Amino acid sequence: MRLAMVEARNAAQVGAVPIGAVVMRGGEVIATAHNGPRDCHDPTAHAEILAIRAAAKALGADRLDDCDLWVTLEPCAMCAGAIAHARIARVYYAAPDPKGGAVEHGPRLFEQSTVLHRPEIYSGLGELESARLLREFFAARR
């Protein structure tokens, strides 16, 4: 999670919402990314999506079997869908997102019968630091 937090801080430094993501397999870092919708001019450029794309490219595969995703905020519905399609084995996220999250909040995507892959979910790892980064980021913009 430390590396995901570094990515979140990198996002904040360039004016992006401070969310970072890391894809790992067997203790090896495959890809890292931070939130980039504004930099990329792409509303789908969430940290999770960018990390999944980079990992798939690095591994030369569309399925990230046995990979873990570490992310600083509960994934939204779009990212949860990408996680399922990528067949990510485990998702570790820091802070919950009661408004936009789709794992343990909102649609709870992985609990839906239509979702064909359900990763193991672990939450709360680094929650305080992630929540602080987000609060500070948004407080500075209000």
# chains A, B, ... in the order shown; residues from 1 in each chain; ligands from 1
$ residues_around --residues "A:Thr32" --least-positions-apart "4" --cutoff "10 Å" --atoms "only C-alpha atoms" --output "ChimeraX atom specification"
/A:3-4,6-7,20-24,47-48,50-52,54-55,69-71
$ select_by_dssp --residues "stretch 49-110 of chain A" --states "strand (DSSP E)" --output "ChimeraX atom specification"
/A:67-73,90-95
$ write_last_selection --atoms "N, CA and C atoms" --output "mmCIF file, in the first residue's frame"
data_model
loop_
_atom_site.group_PDB
_atom_site.id
_atom_site.type_symbol
_atom_site.label_atom_id
_atom_site.label_comp_id
_atom_site.auth_asym_id
_atom_site.auth_seq_id
_atom_site.Cartn_x
_atom_site.Cartn_y
_atom_site.Cartn_z
ATOM 1 N N CYS A 67 -2.944 -11.900 -9.855
ATOM 2 C CA CYS A 67 -2.460 -10.545 -9.559
ATOM 3 C C CYS A 67 -3.315 -9.916 -8.468
ATOM 4 N N ASP A 68 -2.694 -9.024 -7.737
ATOM 5 C CA ASP A 68 -3.362 -8.263 -6.684
ATOM 6 C C ASP A 68 -3.385 -6.805 -7.093
ATOM 7 N N LEU A 69 -4.458 -6.111 -6.742
ATOM 8 C CA LEU A 69 -4.560 -4.682 -6.961
ATOM 9 C C LEU A 69 -4.596 -3.989 -5.614
ATOM 10 N N TRP A 70 -3.709 -3.046 -5.435
ATOM 11 C CA TRP A 70 -3.653 -2.220 -4.228
ATOM 12 C C TRP A 70 -4.065 -0.820 -4.649
ATOM 13 N N VAL A 71 -5.065 -0.248 -3.998
ATOM 14 C CA VAL A 71 -5.564 1.066 -4.389
ATOM 15 C C VAL A 71 -5.938 1.857 -3.139
ATOM 16 N N THR A 72 -5.770 3.169 -3.204
ATOM 17 C CA THR A 72 -5.938 3.995 -2.021
ATOM 18 C C THR A 72 -7.383 4.375 -1.722
ATOM 19 N N LEU A 73 -8.307 4.095 -2.638
ATOM 20 C CA LEU A 73 -9.720 4.398 -2.425
ATOM 21 C C LEU A 73 -10.564 3.264 -2.981
ATOM 22 N N ARG A 90 -7.089 -10.491 -5.934
ATOM 23 C CA ARG A 90 -7.344 -9.832 -4.650
ATOM 24 C C ARG A 90 -7.274 -8.323 -4.829
ATOM 25 N N VAL A 91 -8.184 -7.629 -4.139
ATOM 26 C CA VAL A 91 -8.185 -6.168 -4.138
ATOM 27 C C VAL A 91 -7.999 -5.704 -2.700
ATOM 28 N N TYR A 92 -6.995 -4.861 -2.512
ATOM 29 C CA TYR A 92 -6.722 -4.250 -1.217
ATOM 30 C C TYR A 92 -6.972 -2.756 -1.400
ATOM 31 N N TYR A 93 -7.885 -2.189 -0.620
ATOM 32 C CA TYR A 93 -8.070 -0.751 -0.734
ATOM 33 C C TYR A 93 -8.020 -0.101 0.631
ATOM 34 N N ALA A 94 -7.600 1.171 0.625
ATOM 35 C CA ALA A 94 -7.378 1.893 1.870
ATOM 36 C C ALA A 94 -8.672 2.493 2.411
ATOM 37 N N ALA A 95 -9.148 3.554 1.793
ATOM 38 C CA ALA A 95 -10.295 4.291 2.320
ATOM 39 C C ALA A 95 -11.598 3.863 1.648
#
$ select_by_dssp --residues "stretch 70-116 of chain A" --states "alpha helix (DSSP H)" --output "list in words"
Ala77, Met78, Cys79, Ala80, Gly81, Ala82, Ile83, Ala84, His85 and Ala86 of chain A
$ residues_around --residues "A:Phe137" --least-positions-apart "2" --cutoff "12 Å" --atoms "only C-alpha atoms" --output "list in words"
Ala8, Arg9, Ala11, Ala12, Gln13, Val14, Gly15, Ala16, Val17, Pro18, Ile19, Ser130, Ala131, Arg132, Leu133, Leu134, Arg135, Ala139, Ala140, Arg141 and Arg142 of chain A
$ write_last_selection --atoms "all heavy atoms" --output "short mmCIF file (atom, residue, chain, number, x, y, z; two decimals), in the first residue's frame"
data_model
loop_
_atom_site.label_atom_id
_atom_site.label_comp_id
_atom_site.auth_asym_id
_atom_site.auth_seq_id
_atom_site.Cartn_x
_atom_site.Cartn_y
_atom_site.Cartn_z
N ALA A 8 -0.53 8.17 -5.09
CA ALA A 8 -1.59 9.13 -4.73
C ALA A 8 -0.97 10.51 -4.49
O ALA A 8 -1.52 11.53 -4.96
CB ALA A 8 -2.34 8.65 -3.49
N ARG A 9 0.15 10.57 -3.80
CA ARG A 9 0.81 11.86 -3.57
C ARG A 9 1.31 12.45 -4.89
O ARG A 9 1.24 13.66 -5.10
CB ARG A 9 1.94 11.70 -2.56
CG ARG A 9 1.42 11.54 -1.13
CD ARG A 9 2.53 11.64 -0.09
NE ARG A 9 3.42 10.49 -0.08
CZ ARG A 9 3.16 9.32 0.51
NH1 ARG A 9 2.04 9.17 1.20
NH2 ARG A 9 4.02 8.34 0.46
N ALA A 11 -0.14 12.09 -7.74
CA ALA A 11 -1.35 12.64 -8.38
C ALA A 11 -1.65 14.02 -7.83
O ALA A 11 -1.92 14.96 -8.59
CB ALA A 11 -2.53 11.70 -8.16
N ALA A 12 -1.61 14.16 -6.52
CA ALA A 12 -1.90 15.45 -5.89
C ALA A 12 -0.93 16.52 -6.36
O ALA A 12 -1.32 17.67 -6.57
CB ALA A 12 -1.88 15.32 -4.37
N GLN A 13 0.33 16.16 -6.54
CA GLN A 13 1.34 17.13 -6.97
C GLN A 13 1.07 17.70 -8.36
O GLN A 13 1.47 18.80 -8.67
CB GLN A 13 2.73 16.51 -6.92
CG GLN A 13 3.24 16.32 -5.51
CD GLN A 13 4.61 15.64 -5.47
OE1 GLN A 13 5.09 15.11 -6.46
NE2 GLN A 13 5.23 15.68 -4.31
N VAL A 14 0.37 16.93 -9.20
CA VAL A 14 0.03 17.42 -10.54
C VAL A 14 -1.41 17.91 -10.62
O VAL A 14 -1.94 18.13 -11.70
CB VAL A 14 0.33 16.36 -11.63
CG1 VAL A 14 1.81 16.04 -11.69
CG2 VAL A 14 -0.50 15.11 -11.45
N GLY A 15 -2.06 18.04 -9.45
CA GLY A 15 -3.41 18.58 -9.40
C GLY A 15 -4.52 17.58 -9.64
O GLY A 15 -5.67 17.95 -9.81
N ALA A 16 -4.20 16.29 -9.63
CA ALA A 16 -5.20 15.25 -9.82
C ALA A 16 -5.68 14.76 -8.45
O ALA A 16 -4.97 14.87 -7.46
CB ALA A 16 -4.62 14.08 -10.61
N VAL A 17 -6.88 14.21 -8.42
CA VAL A 17 -7.40 13.63 -7.18
C VAL A 17 -6.41 12.58 -6.71
O VAL A 17 -6.00 11.71 -7.50
CB VAL A 17 -8.81 13.03 -7.39
CG1 VAL A 17 -9.30 12.35 -6.13
CG2 VAL A 17 -9.79 14.11 -7.84
N PRO A 18 -5.96 12.63 -5.45
CA PRO A 18 -4.89 11.76 -4.98
C PRO A 18 -5.32 10.30 -4.75
O PRO A 18 -5.62 9.88 -3.65
CB PRO A 18 -4.44 12.42 -3.68
CG PRO A 18 -5.65 13.12 -3.19
CD PRO A 18 -6.38 13.58 -4.43
N ILE A 19 -5.33 9.56 -5.83
CA ILE A 19 -5.62 8.13 -5.79
C ILE A 19 -4.50 7.42 -6.53
O ILE A 19 -4.13 7.82 -7.64
CB ILE A 19 -6.98 7.80 -6.43
CG1 ILE A 19 -8.09 8.56 -5.71
CG2 ILE A 19 -7.24 6.30 -6.40
CD1 ILE A 19 -9.43 8.52 -6.40
N SER A 130 -4.85 7.69 3.53
CA SER A 130 -5.57 7.94 2.28
C SER A 130 -6.68 8.97 2.47
O SER A 130 -6.82 9.90 1.67
CB SER A 130 -6.14 6.65 1.72
OG SER A 130 -6.83 6.90 0.52
N ALA A 131 -7.46 8.80 3.53
CA ALA A 131 -8.55 9.75 3.81
C ALA A 131 -8.01 11.15 4.06
O ALA A 131 -8.58 12.14 3.59
CB ALA A 131 -9.37 9.26 5.00
N ARG A 132 -6.87 11.24 4.75
CA ARG A 132 -6.26 12.55 5.02
C ARG A 132 -5.83 13.21 3.71
O ARG A 132 -6.09 14.39 3.48
CB ARG A 132 -5.06 12.40 5.96
CG ARG A 132 -4.38 13.73 6.30
CD ARG A 132 -3.12 13.54 7.13
NE ARG A 132 -2.16 12.59 6.58
CZ ARG A 132 -1.35 12.83 5.53
NH1 ARG A 132 -1.38 13.99 4.92
NH2 ARG A 132 -0.51 11.91 5.11
N LEU A 133 -5.18 12.45 2.82
CA LEU A 133 -4.76 13.01 1.53
C LEU A 133 -5.95 13.55 0.75
O LEU A 133 -5.89 14.64 0.18
CB LEU A 133 -4.07 11.92 0.69
CG LEU A 133 -2.63 11.60 0.98
CD1 LEU A 133 -2.20 10.36 0.20
CD2 LEU A 133 -1.74 12.77 0.64
N LEU A 134 -7.04 12.79 0.73
CA LEU A 134 -8.23 13.22 0.00
C LEU A 134 -8.86 14.46 0.63
O LEU A 134 -9.22 15.41 -0.08
CB LEU A 134 -9.24 12.07 -0.08
CG LEU A 134 -8.84 10.94 -1.02
CD1 LEU A 134 -9.59 9.66 -0.69
CD2 LEU A 134 -9.06 11.35 -2.47
N ARG A 135 -8.98 14.47 1.96
CA ARG A 135 -9.56 15.64 2.65
C ARG A 135 -8.74 16.89 2.38
O ARG A 135 -9.28 17.95 2.06
CB ARG A 135 -9.63 15.39 4.16
CG ARG A 135 -10.91 14.70 4.61
CD ARG A 135 -11.07 14.76 6.13
NE ARG A 135 -9.89 14.38 6.89
CZ ARG A 135 -9.54 13.13 7.18
NH1 ARG A 135 -10.31 12.12 6.82
NH2 ARG A 135 -8.45 12.88 7.87
N ALA A 139 -10.09 20.14 0.45
CA ALA A 139 -10.15 21.36 1.27
C ALA A 139 -9.40 22.50 0.59
O ALA A 139 -9.83 23.66 0.65
CB ALA A 139 -9.59 21.09 2.66
N ALA A 140 -8.31 22.19 -0.06
CA ALA A 140 -7.50 23.22 -0.75
C ALA A 140 -8.23 23.78 -1.97
O ALA A 140 -7.89 24.87 -2.44
CB ALA A 140 -6.16 22.62 -1.17
N ARG A 141 -9.21 23.08 -2.48
CA ARG A 141 -9.93 23.52 -3.67
C ARG A 141 -11.25 24.20 -3.37
O ARG A 141 -11.94 24.65 -4.26
CB ARG A 141 -10.16 22.33 -4.60
CG ARG A 141 -8.93 22.11 -5.44
CD ARG A 141 -8.67 20.67 -5.76
NE ARG A 141 -7.42 20.52 -6.47
CZ ARG A 141 -6.21 20.57 -5.90
NH1 ARG A 141 -6.10 20.79 -4.63
NH2 ARG A 141 -5.11 20.41 -6.60
N ARG A 142 -11.62 24.27 -2.10
CA ARG A 142 -12.90 24.88 -1.73
C ARG A 142 -12.73 26.27 -1.26
O ARG A 142 -11.81 26.81 -0.89
CB ARG A 142 -13.59 24.03 -0.66
CG ARG A 142 -14.04 22.71 -1.26
CD ARG A 142 -14.86 21.91 -0.24
NE ARG A 142 -15.28 20.68 -0.88
CZ ARG A 142 -14.98 19.49 -0.42
NH1 ARG A 142 -14.30 19.31 0.67
NH2 ARG A 142 -15.41 18.42 -1.06
#
$ closest_residue --among "A:His105, A:Arg87, A:Arg2, A:His41" --to "A:Asp66" --atoms "only C-alpha atoms"
A:Arg87
$ residues_around --residues "A:Met78" --least-positions-apart "6" --cutoff "9 Å" --atoms "only C-alpha atoms" --output "list in words"
Thr44, Ile49 and Ala102 of chain A
$ write_last_selection --atoms "C-alpha atoms" --output "short mmCIF file (atom, residue, chain, number, x, y, z; two decimals), in the first residue's frame"
data_model
loop_
_atom_site.label_atom_id
_atom_site.label_comp_id
_atom_site.auth_asym_id
_atom_site.auth_seq_id
_atom_site.Cartn_x
_atom_site.Cartn_y
_atom_site.Cartn_z
CA THR A 44 -11.83 6.54 -17.74
CA ILE A 49 -7.79 1.40 -14.95
CA ALA A 102 -18.98 0.06 -5.71
#
$ closest_residue --among "A:Pro75, A:Pro119, A:Gly81, A:Gly27" --to "A:Pro98" --atoms "only C-alpha atoms"
A:Pro75
$ residues_around --residues "A:Ala56" --least-positions-apart "6" --cutoff "10 Å" --atoms "only C-alpha atoms" --output "VMD selection string"
chain A and resid 23 30 to 31 50 62 to 64 86
